[in-house]
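See below for start-v3.tsv, which holds TSV, C-alpha atoms.
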```
chain	number	residue	atom	x	y	z
A	89	MET	CA	2.59	-45.17	-9.12
A	90	LYS	CA	0.39	-43.01	-11.36
A	91	LYS	CA	-0.91	-41.03	-8.39
A	92	THR	CA	2.62	-40.35	-7.19
A	93	LEU	CA	3.70	-39.21	-10.64
A	94	ILE	CA	0.69	-36.91	-10.95
A	95	PHE	CA	1.32	-35.50	-7.49
A	96	ILE	CA	4.99	-34.79	-8.27
A	97	THR	CA	4.06	-33.15	-11.59
A	98	LEU	CA	1.46	-30.90	-9.96
A	99	PHE	CA	3.84	-30.01	-7.15
A	100	ALA	CA	6.58	-29.09	-9.66
A	101	LEU	CA	4.13	-26.92	-11.62
A	102	LEU	CA	3.08	-25.08	-8.49
A	103	LEU	CA	6.68	-24.41	-7.50
A	104	SER	CA	7.73	-23.29	-10.97
A	105	SER	CA	5.02	-20.67	-11.36
A	106	ASN	CA	6.40	-17.19	-10.91
A	107	SER	CA	3.28	-15.56	-9.55
A	108	HIS	CA	3.78	-13.02	-6.85
A	109	ALA	CA	1.43	-12.15	-4.05
A	110	LEU	CA	0.38	-8.66	-3.06
A	111	GLU	CA	3.16	-7.28	-0.91
A	112	ILE	CA	4.20	-4.14	0.94
A	113	LYS	CA	7.96	-3.75	1.28
A	114	GLY	CA	8.86	-1.56	4.22
A	115	PRO	CA	7.83	0.76	5.72
A	116	GLU	CA	11.20	2.35	6.38
A	117	LEU	CA	11.26	5.35	8.69
A	118	SER	CA	13.76	8.18	8.73
A	119	ALA	CA	14.08	11.42	10.68
A	120	LYS	CA	15.37	14.65	9.20
A	121	GLU	CA	15.25	18.00	10.98
A	122	LYS	CA	12.57	16.94	13.50
A	123	ASN	CA	10.33	15.47	10.78
A	124	LEU	CA	9.35	11.85	10.30
A	125	TYR	CA	9.55	10.45	6.75
A	126	VAL	CA	8.18	7.14	5.47
A	127	SER	CA	9.33	5.11	2.46
A	128	PHE	CA	7.73	1.92	1.15
A	129	GLN	CA	6.92	-0.05	-1.99
A	130	PHE	CA	3.83	-1.96	-3.00
A	131	ARG	CA	3.77	-4.84	-5.44
A	132	PHE	CA	0.81	-6.13	-7.45
A	133	ASP	CA	0.22	-9.84	-7.90
A	134	GLN	CA	0.06	-11.43	-11.36
A	135	LYS	CA	-3.74	-11.16	-11.44
A	136	GLN	CA	-3.64	-7.37	-10.99
A	137	ILE	CA	-0.85	-6.94	-13.55
A	138	SER	CA	-2.62	-9.06	-16.18
A	139	SER	CA	-5.90	-7.18	-15.74
A	140	LEU	CA	-4.01	-3.87	-16.07
A	141	LYS	CA	-2.36	-5.17	-19.26
A	142	LYS	CA	-5.81	-6.01	-20.63
A	143	GLY	CA	-6.81	-2.37	-20.27
A	144	LEU	CA	-8.77	-2.40	-17.02
A	145	PRO	CA	-7.97	0.74	-15.02
A	146	LYS	CA	-6.84	0.37	-11.42
A	147	GLU	CA	-7.36	2.70	-8.50
A	148	VAL	CA	-5.26	2.00	-5.44
A	149	VAL	CA	-5.74	3.98	-2.24
A	150	PHE	CA	-2.79	4.13	0.14
A	151	TYR	CA	-3.23	5.07	3.79
A	152	VAL	CA	-0.09	6.03	5.73
A	153	ASP	CA	-1.13	6.33	9.38
A	154	LEU	CA	0.81	7.16	12.52
A	155	PHE	CA	-0.38	5.40	15.69
A	156	ARG	CA	0.64	5.71	19.30
A	157	SER	CA	1.13	2.27	20.80
A	158	TRP	CA	-0.52	1.54	24.13
A	159	ASP	CA	-0.10	-1.62	26.16
A	160	ALA	CA	-3.50	-1.90	27.83
A	161	TRP	CA	-5.61	0.31	25.53
A	162	PRO	CA	-6.26	0.20	21.80
A	163	ASP	CA	-3.67	2.03	19.72
A	164	GLU	CA	-4.33	5.75	19.26
A	165	PHE	CA	-4.55	7.23	15.76
A	166	ILE	CA	-2.44	10.40	15.56
A	167	ARG	CA	-2.19	11.49	11.94
A	168	GLY	CA	-2.45	10.05	8.47
A	169	LEU	CA	-2.08	10.55	4.75
A	170	LYS	CA	-4.36	9.30	2.01
A	171	ILE	CA	-2.90	8.95	-1.46
A	172	ILE	CA	-4.98	7.84	-4.45
A	173	ARG	CA	-3.16	6.43	-7.45
A	174	ARG	CA	-5.07	5.73	-10.69
A	175	LEU	CA	-3.35	3.59	-13.34
A	176	THR	CA	-4.40	2.99	-16.93
A	177	ALA	CA	-2.58	0.99	-19.58
A	178	ASP	CA	-3.33	0.57	-23.26
A	179	ALA	CA	-0.85	-1.90	-24.71
A	180	MET	CA	-2.15	-1.47	-28.27
A	181	LYS	CA	-1.43	2.26	-28.28
A	182	LYS	CA	1.55	1.84	-25.94
A	183	GLU	CA	-0.03	4.45	-23.71
A	184	TYR	CA	0.53	4.22	-19.95
A	185	LYS	CA	-0.88	6.88	-17.65
A	186	ALA	CA	-0.99	7.42	-13.91
A	187	SER	CA	-2.33	10.08	-11.61
A	188	SER	CA	-1.67	10.72	-7.96
A	189	TYR	CA	-3.84	12.76	-5.61
A	190	ASP	CA	-2.96	13.38	-1.97
A	191	GLY	CA	-5.80	15.73	-1.03
A	192	LYS	CA	-3.89	18.84	-2.09
A	193	THR	CA	-2.15	18.26	-5.40
A	194	LEU	CA	-2.94	16.24	-8.50
A	195	ASP	CA	0.04	14.85	-10.40
A	196	MET	CA	-0.57	13.26	-13.83
A	197	ARG	CA	2.17	11.42	-15.74
A	198	ARG	CA	2.70	9.37	-18.90
A	199	PHE	CA	5.11	6.46	-19.22
A	200	ASN	CA	6.80	4.50	-21.99
A	201	SER	CA	6.29	1.05	-20.47
A	202	LEU	CA	4.20	-0.83	-17.96
A	203	ASP	CA	7.26	-1.41	-15.76
A	204	SER	CA	7.99	2.31	-15.45
A	205	LEU	CA	4.30	2.97	-14.73
A	206	LEU	CA	4.30	0.42	-11.91
A	207	ALA	CA	7.66	1.60	-10.55
A	208	TRP	CA	6.47	5.19	-10.16
A	209	SER	CA	2.89	4.44	-9.11
A	210	LEU	CA	3.65	1.89	-6.41
A	211	SER	CA	6.84	3.34	-4.84
A	212	PHE	CA	6.94	6.04	-2.20
A	213	LYS	CA	10.16	7.69	-1.04
A	214	ASP	CA	10.42	10.03	1.96
A	215	LEU	CA	6.77	10.96	2.45
A	216	PRO	CA	6.61	13.61	5.20
A	217	LEU	CA	4.29	12.27	7.88
A	218	THR	CA	4.63	14.47	10.96
A	219	ASP	CA	6.65	17.02	12.86
A	220	PHE	CA	8.08	15.66	16.11
A	221	GLU	CA	7.37	18.89	17.97
A	222	ASP	CA	3.65	18.02	17.82
A	223	LEU	CA	4.12	14.55	19.33
A	224	GLU	CA	3.86	13.64	22.98
A	225	PRO	CA	6.56	11.32	24.37
A	226	GLY	CA	5.65	7.70	23.77
A	227	ARG	CA	5.91	4.64	21.58
A	228	TYR	CA	4.70	4.97	17.99
A	229	PHE	CA	4.41	2.95	14.79
A	230	VAL	CA	3.38	3.60	11.19
A	231	LYS	CA	0.73	1.48	9.47
A	232	ILE	CA	0.62	1.25	5.67
A	233	THR	CA	-2.64	0.10	4.08
A	234	ALA	CA	-3.27	-0.42	0.36
A	235	GLU	CA	-6.72	-1.15	-0.99
A	236	SER	CA	-8.49	-1.28	-4.31
A	237	LYS	CA	-12.25	-1.19	-4.65
A	238	ARG	CA	-14.16	-2.94	-7.38
A	239	THR	CA	-15.53	-0.55	-9.95
A	240	LYS	CA	-18.09	-2.88	-11.53
A	241	ILE	CA	-20.54	-3.08	-8.61
A	242	PRO	CA	-23.04	-0.18	-8.42
A	243	PRO	CA	-23.47	1.31	-4.93
A	244	LEU	CA	-27.14	0.31	-4.66
A	245	ILE	CA	-26.35	-3.32	-5.47
A	246	SER	CA	-23.52	-3.41	-2.93
A	247	GLU	CA	-25.87	-2.05	-0.25
A	248	ILE	CA	-28.56	-4.62	-0.98
A	249	PHE	CA	-26.17	-7.54	-1.45
A	250	PHE	CA	-23.86	-6.66	1.45
A	251	PHE	CA	-22.19	-10.07	1.27
A	252	LEU	CA	-20.61	-9.25	-2.11
A	253	HIS	CA	-16.98	-8.20	-1.81
A	254	SER	CA	-16.65	-4.49	-2.55
A	255	ARG	CA	-12.85	-4.61	-2.59
A	256	GLU	CA	-10.45	-6.35	-4.90
A	257	PHE	CA	-7.86	-6.39	-2.15
A	258	ARG	CA	-6.86	-4.78	1.12
A	259	ILE	CA	-3.44	-5.34	2.65
A	260	SER	CA	-1.66	-3.61	5.51
A	261	LYS	CA	1.68	-3.73	7.26
A	262	ASN	CA	3.04	-2.09	10.42
A	263	SER	CA	6.50	-0.69	10.99
A	264	ASP	CA	8.54	-1.54	14.05
A	265	ILE	CA	7.75	0.51	17.14
A	266	PHE	CA	9.89	3.60	17.68
A	267	VAL	CA	10.24	5.75	20.78
A	268	TRP	CA	10.01	9.54	20.98
A	269	ASN	CA	10.86	11.24	24.28
A	270	LYS	CA	11.11	14.96	23.29
A	271	GLU	CA	14.92	14.81	23.25
A	272	ARG	CA	15.76	11.99	20.90
A	273	LEU	CA	14.13	9.59	18.52
A	274	GLY	CA	14.72	5.86	18.77
A	275	ILE	CA	14.02	4.42	15.32
A	276	PRO	CA	15.12	0.78	15.02
A	277	LYS	CA	17.97	0.34	12.54
A	278	CYS	CA	16.64	-2.80	10.87
A	279	MET	CA	13.11	-2.61	9.51
```
Mind turning the file's structure into structure tokens?
Amino acid sequence: MKKTLIFITLFALLLSSNSHALEIKGPELSAKEKNLYVSFQFRFDQKQISSLKKGLPKEVVFYVDLFRSWDAWPDEFIRGLKIIRRLTADAMKKEYKASSYDGKTLDMRRFNSLDSLLAWSLSFKDLPLTDFEDLEPGRYFVKITAESKRTKIPPLISEIFFFLHSREFRISKNSDIFVWNKERLGIPKCM
């Protein structure tokens, strides 16, 4: 009877916890004037949010890659974007900062709350990925990858102790396959 009661209590505690896992929502694809645009959102888990609240800076690298899908061969990389977002939070000073670098421009912003910092830093709307005129007819998909590397491990140590994890996390998600045939684009309606 005691074991059953303990089991039920532990099970209820596990279900009632509101921790979230790392998640990529999307990607959603759209076409405007012969250009392909990608929108998606990323969500931290409770561990990442609590460490950010404690003042530990975060650097998240987002890769937005376009692949051509092949049946018998490995998928072919066509084009990609790399976006680096750095987040810092100081709850004592109520100072929340973020920067975004896409290889060309650096955008630095300040926020009033942690929620607004996370909303801007982890949401992407209508990123231009490619021009359809450059694409050959075929089947394509977009792969979103988010990763964060540990900042505490020096490079020499990580080379010697190769079995140590150098990343905090790495998560990726693919869009549905769409078809381009030089005349029209077939993007699935539900993604």
Using all atoms listed in the file, which residues of stretch 121-166 of chain A come within 9 Å of stretch 173-194 of chain A, and what is the closest atom pair for each, with the distance in Å to one decimal? Give it as JSON lines, sorted by chain and residue number.
```
{"residue": "A:Leu140", "atom": "CA", "partner": "A:Ala177", "partner_atom": "CA", "distance": 6.2}
{"residue": "A:Lys141", "atom": "CA", "partner": "A:Ala177", "partner_atom": "CA", "distance": 6.2}
{"residue": "A:Lys142", "atom": "CA", "partner": "A:Asp178", "partner_atom": "CA", "distance": 7.5}
{"residue": "A:Gly143", "atom": "CA", "partner": "A:Ala177", "partner_atom": "CA", "distance": 5.4}
{"residue": "A:Leu144", "atom": "CA", "partner": "A:Thr176", "partner_atom": "CA", "distance": 6.9}
{"residue": "A:Pro145", "atom": "CA", "partner": "A:Thr176", "partner_atom": "CA", "distance": 4.6}
{"residue": "A:Lys146", "atom": "CA", "partner": "A:Leu175", "partner_atom": "CA", "distance": 5.1}
{"residue": "A:Glu147", "atom": "CA", "partner": "A:Arg174", "partner_atom": "CA", "distance": 4.4}
{"residue": "A:Val148", "atom": "CA", "partner": "A:Arg173", "partner_atom": "CA", "distance": 5.3}
{"residue": "A:Val149", "atom": "CA", "partner": "A:Arg173", "partner_atom": "CA", "distance": 6.3}
{"residue": "A:Phe150", "atom": "CA", "partner": "A:Arg173", "partner_atom": "CA", "distance": 7.9}
```
Practice task
Counting all atoms listed in the file, figure out which residue out of A:Glu256, A:Arg198, A:Ser157, A:Lys120 gets nearest to A:Ser139.
Solution key: A:Glu256
Handout entry: For A:Asn262, the nearest of the candidates A:Ile232, A:Leu110, A:Ile166, A:Leu210, counting all atoms listed in the file
Key = A:Ile232
Handout entry: Separation of atom CA of A:Phe220 from atom CA of A:Asn123, in Å and rounded to one decimal
Key =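 Between atom CA of A:Phe220 and atom CA of A:Asn123 the gap is 5.8 Å.
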Practice task
Rounded to one decimal place, report the atom CA of A:Lys213-atom CA of A:Ile259 distance in Å.
Solution key: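 Atom CA of A:Ile259 lies at a distance of 19.2 Å from atom CA of A:Lys213.
Between atom CA of A:Ile171 and atom CA of A:Met196 there is a distance of 13.3 Å.
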Exercise for the section: Can you work out which one of A:Phe199, A:Leu169, A:Lys237, A:Leu223 has the shortest atom-to-atom distance to A:Tyr151, counting all atoms listed in the file? Expected result: A:Leu169
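Using all atoms listed in the file, the shortest contact distance between A:Phe165 and any of A:Lys261, A:Phe229, A:Val267, A:Asp214 is found at A:Phe229.
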Handout entry: Which residue of A:Ser204, A:Ser209, A:Phe155, A:Leu215 approaches A:Phe266 most closely, using all atoms listed in the file
Key =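 For A:Phe266, the nearest of the given residues is A:Phe155.
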Handout entry: Nearest to A:Glu111 by atom-to-atom distance, counting all atoms listed in the file, from A:Lys170, A:Arg258, A:Arg197, A:Arg131
Key =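 Of all the options, A:Arg131 lies closest to A:Glu111.
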